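A.B. asks: Submitted below is the structure of interest, expressed as structure tokens.
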Protein chains: 2
Amino acid sequence: MDPYIQNFFYPSSLCIVGASTKEKSIGYELLRSIQIYGYEGNVYPVNPKAEFVLGYKCYNDIHSVPGIPELAIVVVPKAFAEESIEKLLDKGVKSIILVTAGFREVGREGAEAEKSILSKVRNSGARLVGPNCMGIINTLNDVKLNATFVAEKPLTGKTAFLSQSGAIGAAVLNSLRETGIKFGHFISVGNKADISENDLLEFWQNDENIETITLYLESFVNGEEFINHFLKGKITKPVIILKAGRTSSGMKAASSHTGALSASDKVVDAVLKQFGIIRVDTLNELFNTAKGFENFSVPHGDKIAVLTNAGGPAILAVDALEKRGLSLAQLTERTKSSLREIVHPEGSVENPVDLLPGGTAEQYKIVNEILLKDENVDAIVSIFVEPVMVSAFPVIENVNSIKNSKPIFQVVMPLPEFWDEYRNNSKYVKPLFRNPEEPSMVISNLLFYSKNSHEQKYLSPNESTFPLKLQAIYPAI
Amino acid sequence: MDPYIQNFFYPSSLCIVGASTKEKSIGYELLRSIQIYGYEGNVYPVNPKAEFVLGYKCYNDIHSVPGIPELAIVVVPKAFAEESIEKLLDKGVKSIILVTAGFREVGREGAEAEKSILSKVRNSGARLVGPNCMGIINTLNDVKLNATFVAEKPLTGKTAFLSQSGAIGAAVLNSLRETGIKFGHFISVGNKADISENDLLEFWQNDENIETITLYLESFVNGEEFINHFLKGKITKPVIILKAGRTSSGMKAASSHTGALSASDKVVDAVLKQFGIIRVDTLNELFNTAKGFENFSVPHGDKIAVLTNAGGPAILAVDALEKRGLSLAQLTERTKSSLREIVHPEGSVENPVDLLPGGTAEQYKIVNEILLKDENVDAIVSIFVEPVMVSAFPVIENVNSIKNSKPIFQVVMPLPEFWDEYRNNSKYVKPLFRNPEEPSMVISNLLFYSKNSHEQKYLSPNESTFPLKLQAIYPAI
């Protein structure tokens, strides 16, 4: 594992070049994020005038910073960026995040400046994230580094999230308290002058704190290299990708925005599918799928049992299952006869199993346990609409308490009070779904990965559906 | 307009047969909802034993209720349902909601009981909602009736919402404080023994408080009658429908749940399309589209300008526009030259117009105004991701303040604090979108309606794509 990439996420010390005492400036907010989230390594703000920033002792130039910080974050105005980076390289810093914008994304002159910085970085054997990015987060307990200018405190998870767009990164971070999205690492890669998805795929594959990799991309920096990772079986962790610029207008917008050339979307789609890389359409699906990998075992097959206390949501769930290529499990006679002892005679022991609005927490637990034992059932979608007489919390907790190897996806449609109660009092950290349609999306993505990954499929250059262009991303085999 | 249907939504007095002093019982919670929401008509609880329920004077039998209530809500156990309804009819009550379950949905015996009640209701010239339903809501200021057992206080809007599923109705009501969904009327129609979507379409078409009609259906009670409304041009208001049971498994689940025969989904789809009825796939799309009709004018065409302060979300928006058959407007030279005076030189004056993260509230207003004047622009999607240095609230309010005939759909991706600030301090009641993909769904549904409604298209019985079965819903022309 490249130690200089490692340092971006696990630095024992860092300096912020361009730290500022001015509230709402990037140089202030970024340091504030680091402080609030509780990073315990050494922090060295660099500012030519200030003595202290946010209580941290400040250094007036890079050379006076003690030792060699493992990470440097540069937020100075563009005019001073190259000079700052030269000084950092001079000092021996090997991992640099250049937050400052105004490079390749603004035209030819910016591109030249970016190239010049990059060549200096490369000559020193250092690595660069950015420019035009919003920083990095490591939520893991022994690091707790939020080096972005969104001063939120993200929850710890095992998913890595790379965003090519700073704004998409910011939007996700802005919404964390509402969505409850958890991750292990976050990185905004900006213009990807040096470090790109290709470096990070390899890094995360080898980082045992990360189990799932999610990417928001607008372009591939090098499609051949990207695919090579999978072709050679080097990447085995689930990779979920939201590739913006699917349509021709979107692609045009993407290439004018990033200055990157986008591949034909059909090609991208076919190649990703070939290698078991999960492609999603929205941020919501990206994070729901990541949540799926983080919290549920992959079902052994596509036969799903649906349990409900009401018909309507179950029908919507079943529609969604079929649309995603999953099927309703045929329950065995034995299961049905066990269910008959529990389920109200006016309910249903056929799949979807219906407990009616009177269904209790106790019944939800027993019925789920019966369904788990059915050899025809690979996974359960357990739906609970909160009626007047049964509270949601005990039902959800009862189902959470079941020990099982097959996954149970719970959908809950409660009064708003439930969510606070769940956040504050649940003994389990299992995620819940709000809509009956959501689990099928997650299940089908989990199954897609388990069926298609690991298999080393080779593309035939003669395959007629692939335009010539694609050959650029064939590995030389 | 049938006055006895009118009475369901606008009763000057009502009785609740089966009102109860027992918390968490339907007969208690329903009365509590009525009380909390502030219905000002006369309320007569009927309970053989209680003297008061929730402070309301209670009547021990139906006959002792003063006068003839305009609406009766029956929540007694099933064994007493028929007898209660007989007494109500005897008294001269003409509008009855039978909340009680255990009829057609549970089998042959229940179906017989339902039939028997229905024939008595019909013989008296009365009308029945239910059985197996969860009641009715009218949010309008001079009525304020929440006669359901979800004791929420829904906000007033101009959309009517019919749910064939009580649970879907309950789930939507449960979530009101989170989603901010507004409506004028809500009705849970249950088994639709008498009153169905067909009666209510006609009623709402003629009710000037209602502008948009939304339906969650699992089956059509009479497809021919449904279509006849549209064929004869009797229904001109926008109708948005979520028809569950799209897939064959979903259809099977639906028919076992409601006992209703479902039409082939392909047929349903083709017929709805023919008549400009908007079909949606999820509850989220149902209410987002209704919100669209309630708050935005229908664009005159499909040419959309996108304004943003960041590339990523704009690309996702553009992808979504093209996927929904909309197109990016070609801005005129005049527009672009006006924009050049406002937009940062490193931003973009091409569509999508990019103000960069520094874009201010003032710039958002001026740029939207310039775009509105462009004859090539039919609607605007204005996206704002909250950066560190510009607060979301003034930007959103500034854009809301623009007076215009072309619609502006605002997407905002802020810190969570924004939402409270907006709810409490906004001078406008305009809805906002949280995801860059959402406006295109709404715009395309608005355009679909405006292009396809009103036209009286006749289906040709020879049209080969239609299976024979469909002929059952041809009108005799």
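Naming scheme: A, B, ... for chains in displayed order of the structure tokens; residues 1 onward per chain; ligands 1 onward as shown.
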Near Thr139 of chain A, counting only C-alpha atoms, which residues have an atom at most 9 Å away, once you skip same-chain residues fewer than 4 positions from it, shown as a list in words?

C.D. replies: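 The contact residues come out as Tyr37, Val143, Lys144, Leu145, Asn146, Lys153, Pro154, Leu155, Thr156, Gly157, Lys182, Phe183, Gly184, His185 and Phe186 of chain A.
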
A.B. asks: Mind dumping the selected residues with all heavy atoms as a CSV table (one decimal), in the first residue's frame?

C.D. replies:
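Now in part.csv:
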chain,number,residue,atom,x,y,z
A,37,TYR,N,-14.4,17.9,15.3
A,37,TYR,CA,-14.6,16.4,15.2
A,37,TYR,C,-13.6,15.7,16.1
A,37,TYR,O,-13.7,14.5,16.3
A,37,TYR,CB,-14.4,16.0,13.7
A,37,TYR,CG,-14.9,14.7,13.3
A,37,TYR,CD1,-16.2,14.3,13.7
A,37,TYR,CD2,-14.1,13.8,12.5
A,37,TYR,CE1,-16.7,13.0,13.3
A,37,TYR,CE2,-14.6,12.5,12.2
A,37,TYR,CZ,-15.9,12.2,12.5
A,37,TYR,OH,-16.4,11.0,12.2
A,143,VAL,N,-8.8,8.0,14.5
A,143,VAL,CA,-8.3,9.1,13.6
A,143,VAL,C,-9.2,10.3,13.8
A,143,VAL,O,-8.8,11.4,14.2
A,143,VAL,CB,-8.2,8.7,12.1
A,143,VAL,CG1,-7.8,9.9,11.3
A,143,VAL,CG2,-7.3,7.5,11.9
A,144,LYS,N,-10.5,10.1,13.5
A,144,LYS,CA,-11.5,11.2,13.6
A,144,LYS,C,-11.0,12.5,13.0
A,144,LYS,O,-10.8,13.5,13.7
A,144,LYS,CB,-11.8,11.5,15.1
A,144,LYS,CG,-12.7,10.4,15.8
A,144,LYS,CD,-14.1,10.6,15.4
A,144,LYS,CE,-15.0,9.5,15.9
A,144,LYS,NZ,-16.1,9.2,15.0
A,145,LEU,N,-10.8,12.4,11.7
A,145,LEU,CA,-10.3,13.6,11.0
A,145,LEU,C,-11.4,14.1,10.0
A,145,LEU,O,-11.8,13.3,9.1
A,145,LEU,CB,-9.0,13.3,10.2
A,145,LEU,CG,-8.5,14.4,9.3
A,145,LEU,CD1,-8.1,15.6,10.0
A,145,LEU,CD2,-7.3,13.9,8.4
A,146,ASN,N,-11.9,15.3,10.2
A,146,ASN,CA,-12.8,15.9,9.2
A,146,ASN,C,-12.1,17.1,8.6
A,146,ASN,O,-12.1,18.2,9.2
A,146,ASN,CB,-14.2,16.3,9.8
A,146,ASN,CG,-15.0,17.0,8.8
A,146,ASN,OD1,-14.6,17.2,7.6
A,146,ASN,ND2,-16.2,17.4,9.1
A,153,LYS,N,-20.3,16.2,12.0
A,153,LYS,CA,-19.6,15.0,12.6
A,153,LYS,C,-20.2,13.7,12.1
A,153,LYS,O,-21.1,13.1,12.7
A,153,LYS,CB,-19.9,15.1,14.2
A,153,LYS,CG,-19.4,16.4,14.8
A,153,LYS,CD,-19.4,16.2,16.3
A,153,LYS,CE,-19.6,17.5,17.0
A,153,LYS,NZ,-19.8,17.3,18.5
A,154,PRO,N,-19.6,13.3,11.0
A,154,PRO,CA,-20.2,12.0,10.4
A,154,PRO,C,-20.1,10.8,11.3
A,154,PRO,O,-19.1,10.7,12.0
A,154,PRO,CB,-19.3,11.9,9.1
A,154,PRO,CG,-18.4,13.1,9.0
A,154,PRO,CD,-18.5,13.8,10.3
A,155,LEU,N,-21.0,9.9,11.2
A,155,LEU,CA,-21.0,8.7,11.9
A,155,LEU,C,-20.1,7.7,11.2
A,155,LEU,O,-19.9,7.7,10.0
A,155,LEU,CB,-22.4,8.1,12.0
A,155,LEU,CG,-23.5,8.9,12.7
A,155,LEU,CD1,-24.9,8.3,12.5
A,155,LEU,CD2,-23.1,9.1,14.2
A,156,THR,N,-19.5,6.8,12.1
A,156,THR,CA,-18.5,5.9,11.6
A,156,THR,C,-19.2,4.7,10.9
A,156,THR,O,-20.1,4.1,11.4
A,156,THR,CB,-17.7,5.3,12.7
A,156,THR,OG1,-17.1,6.4,13.4
A,156,THR,CG2,-16.5,4.4,12.2
A,157,GLY,N,-18.7,4.4,9.7
A,157,GLY,CA,-19.2,3.2,9.0
A,157,GLY,C,-18.0,2.5,8.2
A,157,GLY,O,-16.9,2.8,8.5
A,182,LYS,N,-23.6,6.8,6.9
A,182,LYS,CA,-22.4,6.5,7.6
A,182,LYS,C,-21.3,6.2,6.6
A,182,LYS,O,-21.6,5.6,5.6
A,182,LYS,CB,-22.5,5.3,8.6
A,182,LYS,CG,-23.5,5.5,9.7
A,182,LYS,CD,-23.7,4.2,10.4
A,182,LYS,CE,-24.9,4.3,11.4
A,182,LYS,NZ,-25.1,3.1,12.2
A,183,PHE,N,-20.1,6.6,6.9
A,183,PHE,CA,-19.0,6.1,6.1
A,183,PHE,C,-17.7,6.0,6.9
A,183,PHE,O,-17.6,6.6,8.0
A,183,PHE,CB,-18.8,6.9,4.8
A,183,PHE,CG,-18.8,8.4,5.0
A,183,PHE,CD1,-17.6,9.0,5.4
A,183,PHE,CD2,-19.9,9.2,4.7
A,183,PHE,CE1,-17.5,10.4,5.6
A,183,PHE,CE2,-19.8,10.6,4.9
A,183,PHE,CZ,-18.7,11.2,5.3
A,184,GLY,N,-16.7,5.3,6.3
A,184,GLY,CA,-15.4,5.2,6.9
A,184,GLY,C,-14.5,6.4,6.4
A,184,GLY,O,-14.0,7.2,7.2
A,185,HIS,N,-14.4,6.4,5.1
A,185,HIS,CA,-13.6,7.5,4.4
A,185,HIS,C,-14.4,8.2,3.4
A,185,HIS,O,-15.3,7.7,2.8
A,185,HIS,CB,-12.4,6.8,3.7
A,185,HIS,CG,-11.4,6.1,4.5
A,185,HIS,ND1,-10.5,5.2,4.0
A,185,HIS,CD2,-11.2,6.1,5.9
A,185,HIS,CE1,-9.7,4.8,5.0
A,185,HIS,NE2,-10.2,5.3,6.1
A,186,PHE,N,-14.2,9.5,3.4
A,186,PHE,CA,-14.7,10.4,2.3
A,186,PHE,C,-13.6,11.1,1.7
A,186,PHE,O,-12.7,11.6,2.4
A,186,PHE,CB,-15.7,11.4,2.9
A,186,PHE,CG,-16.0,12.5,1.9
A,186,PHE,CD1,-16.8,12.3,0.8
A,186,PHE,CD2,-15.5,13.8,2.2
A,186,PHE,CE1,-17.1,13.4,-0.1
A,186,PHE,CE2,-15.7,14.8,1.3
A,186,PHE,CZ,-16.5,14.6,0.2

A.B. asks: What are the closest atom pairs, with distances in Å to one decimal, for all residues of chain B lying within 7 Å of chain A? Consider only C-alpha atoms, order rows by chain and residue number, and present the result as a tab-separated table.

C.D. replies:
residue	atom	partner	partner_atom	distance
B:Lys24	CA	A:Met389	CA	5.3
B:Ser25	CA	A:Met389	CA	6.8
B:Val106	CA	A:Glu346	CA	5.3
B:Phe149	CA	A:Val388	CA	7.0
B:Ser165	CA	A:Gly312	CA	5.2
B:Ala167	CA	A:Ala310	CA	5.8
B:Ile168	CA	A:Gly312	CA	5.9
B:Ala171	CA	A:Met413	CA	5.4
B:Asn174	CA	A:Leu415	CA	4.5
B:Ser175	CA	A:Leu415	CA	6.0
B:Glu178	CA	A:Pro416	CA	6.8
B:Ala244	CA	A:Leu316	CA	5.9
B:Gly245	CA	A:Asp319	CA	6.1
B:Arg246	CA	A:Asp319	CA	6.0
B:Thr247	CA	A:Asp319	CA	5.3
B:Ser249	CA	A:Val318	CA	6.4
B:Gly250	CA	A:Asp319	CA	4.7
B:Ala253	CA	A:Ile315	CA	5.9
B:Ala254	CA	A:Ile315	CA	6.0
B:His257	CA	A:Gly311	CA	6.0
B:Ala310	CA	A:Ala167	CA	5.8
B:Gly311	CA	A:His257	CA	6.0
B:Gly312	CA	A:Ser165	CA	5.2
B:Pro313	CA	A:Ile168	CA	6.4
B:Ile315	CA	A:Gly250	CA	5.3
B:Leu316	CA	A:Ala244	CA	5.8
B:Val318	CA	A:Gly250	CA	5.1
B:Asp319	CA	A:Gly250	CA	4.7
B:Glu322	CA	A:Thr247	CA	6.5
B:Glu346	CA	A:Val106	CA	5.3
B:Val385	CA	A:Ala171	CA	6.2
B:Val388	CA	A:Lys24	CA	5.9
B:Met389	CA	A:Lys24	CA	5.3
B:Met413	CA	A:Ala171	CA	5.4
B:Pro414	CA	A:Asn174	CA	5.8
B:Leu415	CA	A:Asn174	CA	4.5
B:Pro416	CA	A:Ser175	CA	6.3

A.B. asks: For Asn206 of chain B, please output as a list in words all residues within 10 Å (counting only C-alpha atoms; exclusion window: fewer than 4 positions along the same chain).

C.D. replies: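 With the cut-off at 10 Å, the set is Met1, Leu200, Leu201, Glu202, Ile210, Glu211, Lys234, Ile235 and Lys237 of chain B.
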
A.B. asks: Using backbone DSSP assignments, extract all strand (DSSP E) residues from segment 50-226 of chain B; output them as a PyMOL selection string.

C.D. replies: chain B and resi 52-53+56-57+71-74+95-98+127-129+135-138+145-148+155-163+182-188+212-217

A.B. asks: I need the residue nearest Ile240 of chain B from this list: B:Glu397, B:Glu285, B:Glu369, B:Asp378. Use only C-alpha atoms for the distance.

C.D. replies: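 Closest residue, counting only C-alpha atoms: B:Glu285.
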
A.B. asks: Distance atom CA of Leu432 of chain B-atom CA of Leu215 of chain B, one decimal place?

C.D. replies: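 Straight-line distance from atom CA of Leu432 of chain B to atom CA of Leu215 of chain B works out to 23.0 Å.
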
A.B. asks: Hey, what's within 12 Å of Lys451 of chain B if we count only C-alpha atoms and toss same-chain stuff fewer than 2 positions away? As a list of chain:residue names, please?

C.D. replies: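 The residues that qualify are B:Pro238, B:Lys273, B:Gln274, B:Phe275, B:Gly276, B:Ile277, B:Ile278, B:Val298, B:Pro299, B:His300, B:Gly301, B:Asp302, B:Ser444, B:Asn445, B:Leu446, B:Leu447, B:Phe448, B:Tyr449, B:Ser453, B:His454, B:Glu455, B:Gln456.
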